[in-house]
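J.: Sharing structure24.csv, CSV, C-alpha atoms:
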chain,number,residue,atom,x,y,z
A,1,MET,CA,-29.0,-17.7,-25.4
A,2,ASP,CA,-27.2,-14.3,-25.4
A,3,ASN,CA,-29.0,-11.7,-23.3
A,4,GLY,CA,-27.7,-8.3,-22.6
A,5,ASN,CA,-26.9,-5.0,-24.0
A,6,LYS,CA,-24.0,-5.0,-26.6
A,7,ALA,CA,-22.5,-1.7,-25.4
A,8,SER,CA,-22.6,-2.8,-21.7
A,9,THR,CA,-21.1,-6.1,-22.6
A,10,LEU,CA,-18.3,-4.4,-24.6
A,11,ARG,CA,-17.5,-2.0,-21.8
A,12,PHE,CA,-17.4,-4.9,-19.2
A,13,ALA,CA,-15.1,-7.0,-21.4
A,14,PHE,CA,-12.8,-4.1,-22.1
A,15,ARG,CA,-12.5,-3.2,-18.4
A,16,LYS,CA,-11.8,-6.8,-17.5
A,17,SER,CA,-9.1,-7.1,-20.2
A,18,LEU,CA,-7.2,-3.9,-19.2
A,19,PRO,CA,-4.6,-5.6,-17.0
A,20,VAL,CA,-3.8,-7.9,-19.9
A,21,LEU,CA,-3.5,-4.9,-22.2
A,22,PHE,CA,-0.6,-3.4,-20.3
A,23,GLY,CA,1.1,-6.8,-19.8
A,24,TYR,CA,0.7,-7.9,-23.4
A,25,LEU,CA,2.1,-4.6,-24.9
A,26,PHE,CA,5.4,-5.4,-23.1
A,27,LEU,CA,5.3,-9.2,-23.5
A,28,GLY,CA,4.3,-9.0,-27.2
A,29,SER,CA,7.0,-6.4,-27.7
A,30,ALA,CA,9.5,-8.7,-26.2
A,31,PHE,CA,8.5,-11.4,-28.7
A,32,GLY,CA,8.6,-8.9,-31.6
A,33,ILE,CA,12.0,-7.8,-30.7
A,34,MET,CA,13.3,-11.4,-30.4
A,35,LEU,CA,11.8,-12.3,-33.7
A,36,TYR,CA,13.3,-9.2,-35.4
A,37,ASN,CA,16.7,-10.0,-34.0
A,38,ALA,CA,16.3,-13.5,-35.5
A,39,GLY,CA,15.8,-12.0,-38.9
A,40,TYR,CA,12.0,-11.7,-39.3
A,41,ASN,CA,10.2,-8.4,-39.7
A,42,TRP,CA,7.0,-7.0,-38.3
A,43,ILE,CA,4.8,-8.8,-40.9
A,44,TRP,CA,6.0,-12.1,-39.6
A,45,ALA,CA,5.4,-10.9,-36.0
A,46,ALA,CA,1.8,-10.1,-36.9
A,47,PHE,CA,1.2,-13.3,-38.9
A,48,ILE,CA,2.6,-15.6,-36.1
A,49,SER,CA,0.7,-13.8,-33.4
A,50,LEU,CA,-2.5,-13.9,-35.4
A,51,PHE,CA,-2.4,-17.6,-36.2
A,52,VAL,CA,-0.2,-19.2,-33.5
A,53,TYR,CA,-0.9,-17.1,-30.5
A,54,ALA,CA,0.8,-19.3,-27.9
A,55,GLY,CA,2.5,-16.8,-25.6
A,56,SER,CA,5.5,-18.7,-24.2
A,57,GLY,CA,5.3,-21.1,-27.2
A,58,GLN,CA,6.0,-18.1,-29.5
A,59,PHE,CA,9.2,-17.3,-27.6
A,60,LEU,CA,10.2,-21.0,-28.0
A,61,LEU,CA,9.3,-20.7,-31.7
A,62,VAL,CA,12.0,-18.1,-32.2
A,63,SER,CA,14.6,-20.4,-30.8
A,64,LEU,CA,13.4,-23.3,-32.9
A,65,LEU,CA,13.4,-21.1,-36.0
A,66,THR,CA,17.0,-19.9,-35.5
A,67,SER,CA,18.1,-23.5,-34.8
A,68,ALA,CA,16.3,-24.9,-37.9
A,69,ALA,CA,14.5,-27.4,-35.9
A,70,SER,CA,12.5,-30.2,-37.6
A,71,ILE,CA,8.7,-30.1,-37.8
A,72,PRO,CA,8.3,-33.1,-35.4
A,73,THR,CA,10.6,-31.3,-32.9
A,74,VAL,CA,8.5,-28.1,-33.2
A,75,ALA,CA,5.3,-30.0,-32.7
A,76,MET,CA,6.6,-32.0,-29.6
A,77,MET,CA,8.1,-28.9,-27.9
A,78,THR,CA,5.0,-26.9,-28.5
A,79,LEU,CA,2.8,-29.7,-27.0
A,80,PHE,CA,5.0,-29.8,-23.9
A,81,VAL,CA,5.1,-26.1,-23.4
A,82,ASN,CA,1.4,-25.4,-23.9
A,83,SER,CA,-0.1,-28.7,-22.5
A,84,ARG,CA,-1.2,-26.8,-19.4
A,85,HIS,CA,-3.9,-25.1,-21.4
A,86,MET,CA,-5.8,-28.5,-21.5
A,87,PHE,CA,-6.2,-28.2,-17.7
A,88,TYR,CA,-7.4,-24.6,-18.0
A,89,GLY,CA,-10.1,-25.5,-20.4
A,90,LEU,CA,-11.6,-28.2,-18.2
A,91,SER,CA,-13.0,-25.6,-15.8
A,92,LEU,CA,-14.5,-23.4,-18.5
A,93,ILE,CA,-16.0,-26.0,-20.9
A,94,ASP,CA,-19.7,-25.3,-19.9
A,95,ARG,CA,-19.2,-21.5,-19.9
A,96,PHE,CA,-17.6,-21.5,-23.3
A,97,LYS,CA,-20.1,-23.9,-24.8
A,98,ALA,CA,-22.8,-21.3,-23.9
A,99,GLY,CA,-21.1,-19.0,-26.4
A,100,GLY,CA,-22.4,-21.1,-29.3
A,101,TRP,CA,-20.6,-20.3,-32.6
A,102,ARG,CA,-18.0,-18.4,-30.5
A,103,TYR,CA,-16.9,-21.6,-28.8
A,104,PRO,CA,-13.9,-22.5,-31.1
A,105,PHE,CA,-12.5,-18.9,-30.9
A,106,MET,CA,-12.8,-18.9,-27.2
A,107,ILE,CA,-10.7,-22.1,-27.0
A,108,PHE,CA,-8.2,-20.6,-29.4
A,109,THR,CA,-7.8,-17.4,-27.3
A,110,LEU,CA,-7.5,-19.2,-23.9
A,111,THR,CA,-4.0,-18.1,-22.8
A,112,ASP,CA,-2.7,-18.1,-19.3
A,113,GLU,CA,-3.8,-14.5,-18.8
A,114,THR,CA,-7.2,-14.9,-20.5
A,115,TYR,CA,-7.9,-17.8,-18.2
A,116,SER,CA,-6.9,-15.8,-15.2
A,117,VAL,CA,-9.3,-13.0,-16.2
A,118,ASN,CA,-12.1,-15.5,-16.9
A,119,ILE,CA,-11.9,-17.2,-13.5
A,120,SER,CA,-11.8,-13.8,-11.7
A,121,PHE,CA,-15.6,-13.5,-12.0
A,122,ASP,CA,-18.4,-15.9,-11.7
A,123,ARG,CA,-21.3,-13.5,-12.5
A,124,VAL,CA,-21.7,-10.5,-14.7
A,125,PRO,CA,-23.6,-7.3,-14.0
A,126,GLY,CA,-27.2,-6.9,-15.3
A,127,GLY,CA,-27.4,-6.0,-18.9
A,128,VAL,CA,-24.2,-7.9,-19.8
A,129,SER,CA,-24.1,-11.1,-21.8
A,130,GLU,CA,-21.7,-13.5,-20.1
A,131,PRO,CA,-20.9,-15.7,-23.2
A,132,ARG,CA,-20.3,-12.6,-25.4
A,133,ALA,CA,-18.3,-11.0,-22.6
A,134,ARG,CA,-16.0,-14.0,-22.3
A,135,PHE,CA,-15.6,-14.1,-26.0
A,136,LEU,CA,-14.7,-10.4,-26.2
A,137,ILE,CA,-12.2,-10.7,-23.4
A,138,GLY,CA,-10.3,-13.4,-25.4
A,139,GLU,CA,-10.5,-11.4,-28.6
A,140,PHE,CA,-9.3,-8.2,-26.9
A,141,ASP,CA,-6.4,-10.1,-25.4
A,142,HIS,CA,-5.5,-11.5,-28.8
A,143,LEU,CA,-5.6,-8.0,-30.3
A,144,TYR,CA,-3.3,-6.7,-27.6
A,145,TRP,CA,-0.8,-9.4,-28.2
A,146,ILE,CA,-0.7,-8.7,-32.0
A,147,LEU,CA,-0.3,-5.0,-31.4
A,148,GLY,CA,2.5,-5.7,-28.9
A,149,SER,CA,4.3,-8.0,-31.3
A,150,VAL,CA,4.2,-5.6,-34.2
A,151,LEU,CA,5.2,-2.7,-31.9
A,152,GLY,CA,8.2,-4.7,-30.6
A,153,SER,CA,9.3,-5.6,-34.0
A,154,LEU,CA,9.2,-2.0,-35.1
A,155,LEU,CA,11.0,-0.8,-32.0
A,156,GLY,CA,13.7,-3.4,-32.4
A,157,GLN,CA,14.2,-2.1,-36.0
A,158,SER,CA,14.2,1.6,-35.2
A,159,LEU,CA,15.5,2.1,-31.7
A,160,PRO,CA,19.0,1.1,-30.4
A,161,VAL,CA,17.7,0.3,-26.9
A,162,ASP,CA,18.6,-2.6,-24.6
A,163,PHE,CA,15.4,-4.4,-23.9
A,164,THR,CA,16.9,-6.8,-21.4
A,165,GLY,CA,14.3,-7.7,-18.7
A,166,ILE,CA,11.2,-6.8,-20.6
A,167,ASP,CA,9.9,-10.3,-20.2
A,168,PHE,CA,9.6,-9.7,-16.4
A,169,SER,CA,6.3,-8.0,-17.3
A,170,MET,CA,4.7,-11.5,-17.4
A,171,THR,CA,5.6,-12.1,-13.8
A,172,ALA,CA,4.3,-8.7,-12.8
A,173,LEU,CA,1.0,-9.3,-14.7
A,174,PHE,CA,0.4,-12.6,-13.0
A,175,THR,CA,1.2,-11.0,-9.6
A,176,VAL,CA,-1.5,-8.4,-10.2
A,177,ILE,CA,-4.1,-10.9,-11.3
A,178,PHE,CA,-3.3,-13.2,-8.3
A,179,VAL,CA,-3.6,-10.4,-5.7
A,180,ASP,CA,-6.9,-9.4,-7.2
A,181,LEU,CA,-8.2,-13.0,-7.0
A,182,VAL,CA,-7.1,-13.3,-3.4
A,183,ILE,CA,-8.9,-10.1,-2.5
A,184,ASP,CA,-12.2,-11.0,-4.2
A,185,ILE,CA,-12.6,-14.7,-3.8
A,186,LYS,CA,-14.5,-15.9,-0.7
A,187,ASN,CA,-13.1,-19.5,-0.6
A,188,LYS,CA,-9.4,-19.5,-0.1
A,189,ILE,CA,-9.0,-23.3,0.1
A,190,CYS,CA,-8.5,-23.9,-3.7
A,191,GLY,CA,-6.0,-21.1,-3.9
A,192,ALA,CA,-4.1,-22.5,-0.9
A,193,VAL,CA,-4.0,-26.0,-2.6
A,194,GLY,CA,-2.7,-24.4,-5.8
A,195,VAL,CA,0.1,-22.6,-3.9
A,196,PHE,CA,1.0,-25.8,-2.0
A,197,CYS,CA,1.2,-27.9,-5.2
A,198,ALA,CA,3.3,-25.3,-7.0
A,199,PHE,CA,5.7,-25.1,-4.0
A,200,VAL,CA,6.1,-28.8,-3.6
A,201,CYS,CA,6.6,-29.4,-7.4
A,202,LEU,CA,9.0,-26.5,-7.6
A,203,MET,CA,11.2,-28.1,-4.9
A,204,LEU,CA,11.0,-31.5,-6.5
A,205,PHE,CA,11.3,-30.7,-10.3
A,206,GLY,CA,12.9,-27.3,-10.4
A,207,ALA,CA,11.8,-24.0,-11.9
A,208,ASP,CA,11.9,-25.2,-15.5
A,209,ASN,CA,9.8,-28.3,-15.1
A,210,PHE,CA,7.4,-27.8,-12.2
A,211,LEU,CA,4.3,-26.3,-13.9
A,212,LEU,CA,2.8,-29.4,-15.5
A,213,PRO,CA,3.3,-31.7,-12.4
A,214,SER,CA,1.9,-29.0,-10.1
A,215,LEU,CA,-1.2,-28.7,-12.3
A,216,LEU,CA,-1.7,-32.5,-12.3
A,217,LEU,CA,-1.3,-32.6,-8.5
A,218,CYS,CA,-3.7,-29.8,-8.0
A,219,VAL,CA,-6.3,-31.4,-10.2
A,220,LEU,CA,-6.0,-34.7,-8.4
A,221,LEU,CA,-6.2,-33.1,-4.9
A,222,LEU,CA,-9.1,-31.0,-5.7
A,223,SER,CA,-11.0,-33.8,-7.4
A,224,ALA,CA,-10.4,-36.1,-4.4
A,225,ALA,CA,-11.6,-33.3,-2.1
A,226,LYS,CA,-14.7,-32.5,-4.1
A,227,PRO,CA,-17.0,-34.7,-1.9
A,228,PHE,CA,-15.7,-32.9,1.2
A,229,PHE,CA,-16.4,-29.5,-0.4
A,230,GLU,CA,-19.9,-30.5,-1.5
A,231,LYS,CA,-20.7,-31.9,1.9
A,232,ARG,CA,-19.8,-28.7,3.6
A,233,GLY,CA,-21.4,-26.5,1.0
A,234,ILE,CA,-18.0,-25.0,-0.2
A,235,GLU,CA,-18.1,-23.6,-3.7
Now that the file is in, can you turn its structure into structure tokens?
T.:
Amino acid sequence: MDNGNKASTLRFAFRKSLPVLFGYLFLGSAFGIMLYNAGYNWIWAAFISLFVYAGSGQFLLVSLLTSAASIPTVAMMTLFVNSRHMFYGLSLIDRFKAGGWRYPFMIFTLTDETYSVNISFDRVPGGVSEPRARFLIGEFDHLYWILGSVLGSLLGQSLPVDFTGIDFSMTALFTVIFVDLVIDIKNKICGAVGVFCAFVCLMLFGADNFLLPSLLLCVLLLSAAKPFFEKRGIE
């Protein structure tokens, strides 16, 4: 059941989504610019961001469109690039189900950045509906991405500017969210396990292939350590 004031919930969700706003305006713009350079105008940028909304998968889509890749190739590459989202969803299933009819939309909007925002808080202030707030965070982030994509397409069309390096904003965004989590979270063990898994897999598989193996390793280690955490009362 949704309990909470709508205005308070809206303000809370908007504040939580602000870091993503600034990141997505730049990242979405990078996608819009790339798409325009591939021969597709702002209408296509808005349409793709509205219905695909896959972040890094959309950057991949530009390359696949320009290379006239087959539909099976597009499907397989998209699965590989975005398969990490399946792991994100595991930790939020119960929270998202509490959203009722919003559940499918919350799944659709669960990007890397939206996931990071969702796990940055366990409780909401009084007067705020948690299911509605998590739904609004996803919808706000989706809107930011669409706006950024259209803006980038229009800028690419009208401004003769070199936008090289604009995609670094994704790294900056994750850094800000990570630092915020480190400051706020009480239990640092899970974060340390995640950093360890990422480092090991980076050394073993390289920068282009380490993400999925590191997620698998992290899930396995944390699952194996769950009895230890429960015994010691670690959340």
J.: Distance CA of Ala224 in chain A-CA of Ile119 in chain A, one decimal place?
T.: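 Between CA of Ala224 in chain A and CA of Ile119 in chain A the gap is 21.0 Å.
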J.: Rounded to one decimal in Å, what is the spacing between CA of Leu147 in chain A and CA of Ala38 in chain A?
T.: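 Rounded to one decimal, the two atoms are 19.1 Å apart.
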J.: In the coordinate frame of the file, compute which residues have an atom within 12 Å of (-18.8, -20.8, -25.7) when using all atoms listed in the file, and state them as a compact mmCIF listing (two decimals) with C-alpha atoms, keeping the file's coordinate frame.
T.:
# COMPACT_ATOMS: atom_id res chain seq x y z
CA MET A 1 -29.00 -17.70 -25.40
CA ASP A 2 -27.20 -14.30 -25.40
CA GLY A 89 -10.10 -25.50 -20.40
CA LEU A 92 -14.50 -23.40 -18.50
CA ILE A 93 -16.00 -26.00 -20.90
CA ASP A 94 -19.70 -25.30 -19.90
CA ARG A 95 -19.20 -21.50 -19.90
CA PHE A 96 -17.60 -21.50 -23.30
CA LYS A 97 -20.10 -23.90 -24.80
CA ALA A 98 -22.80 -21.30 -23.90
CA GLY A 99 -21.10 -19.00 -26.40
CA GLY A 100 -22.40 -21.10 -29.30
CA TRP A 101 -20.60 -20.30 -32.60
CA ARG A 102 -18.00 -18.40 -30.50
CA TYR A 103 -16.90 -21.60 -28.80
CA PRO A 104 -13.90 -22.50 -31.10
CA PHE A 105 -12.50 -18.90 -30.90
CA MET A 106 -12.80 -18.90 -27.20
CA ILE A 107 -10.70 -22.10 -27.00
CA PHE A 108 -8.20 -20.60 -29.40
CA THR A 109 -7.80 -17.40 -27.30
CA LEU A 110 -7.50 -19.20 -23.90
CA SER A 129 -24.10 -11.10 -21.80
CA GLU A 130 -21.70 -13.50 -20.10
CA PRO A 131 -20.90 -15.70 -23.20
CA ARG A 132 -20.30 -12.60 -25.40
CA ALA A 133 -18.30 -11.00 -22.60
CA ARG A 134 -16.00 -14.00 -22.30
CA PHE A 135 -15.60 -14.10 -26.00
CA LEU A 136 -14.70 -10.40 -26.20
CA GLY A 138 -10.30 -13.40 -25.40
J.: Please compute the CA of Asp122 in chain A-CA of Ser83 in chain A distance, one decimal, in Å.
T.: 24.8 Å
J.: Check the smallest atom-to-atom distance from each of A:Met34, A:Leu27, A:Leu50, A:Val81 to Ser63 in chain A using only C-alpha atoms, then report the winner.
T.: A:Met34
J.: Is there a way to get, as a list in words, all residues within 10 Å of the point (5.9, -6.9, -37.9) in file coordinates, counting all atoms listed in the file?
T.: Gly32, Ile33, Leu35, Tyr36, Tyr40, Asn41, Trp42, Ile43, Trp44, Ala45, Ala46, Phe47, Ile48, Ser49, Ile146, Leu147, Gly148, Ser149, Val150, Leu151, Gly152, Ser153, Leu154, Leu155 and Gln157 of chain A
J.: Can you tell me which residues surround Ile137 in chain A at a distance of at most 8 Å, considering all atoms listed in the file, apart from same-chain residues fewer than 5 positions away, and format the answer as JSON, numbers by chain?
T.: {"A": [13, 14, 16, 17, 114]}
J.: Could you list, as number ranges by chain, every residue within 12 Å of Thr73 in chain A, counting all atoms listed in the file and ignoring same-chain residues fewer than 6 positions away?
T.: A: 60-61, 63-65, 67, 79-80
J.: When distances are computed from all atoms listed in the file, which of A:Gly206, A:Leu211, A:Ala198, A:Tyr88 shows the smallest separation from Asn118 in chain A?
T.: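 Of the candidates, the smallest distance to Asn118 in chain A is held by A:Tyr88.
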J.: Of the residues A:Tyr115, A:Tyr24, A:Phe121, A:Phe140, which is the one nearest to His85 in chain A, using all atoms listed in the file?
T.: A:Tyr115
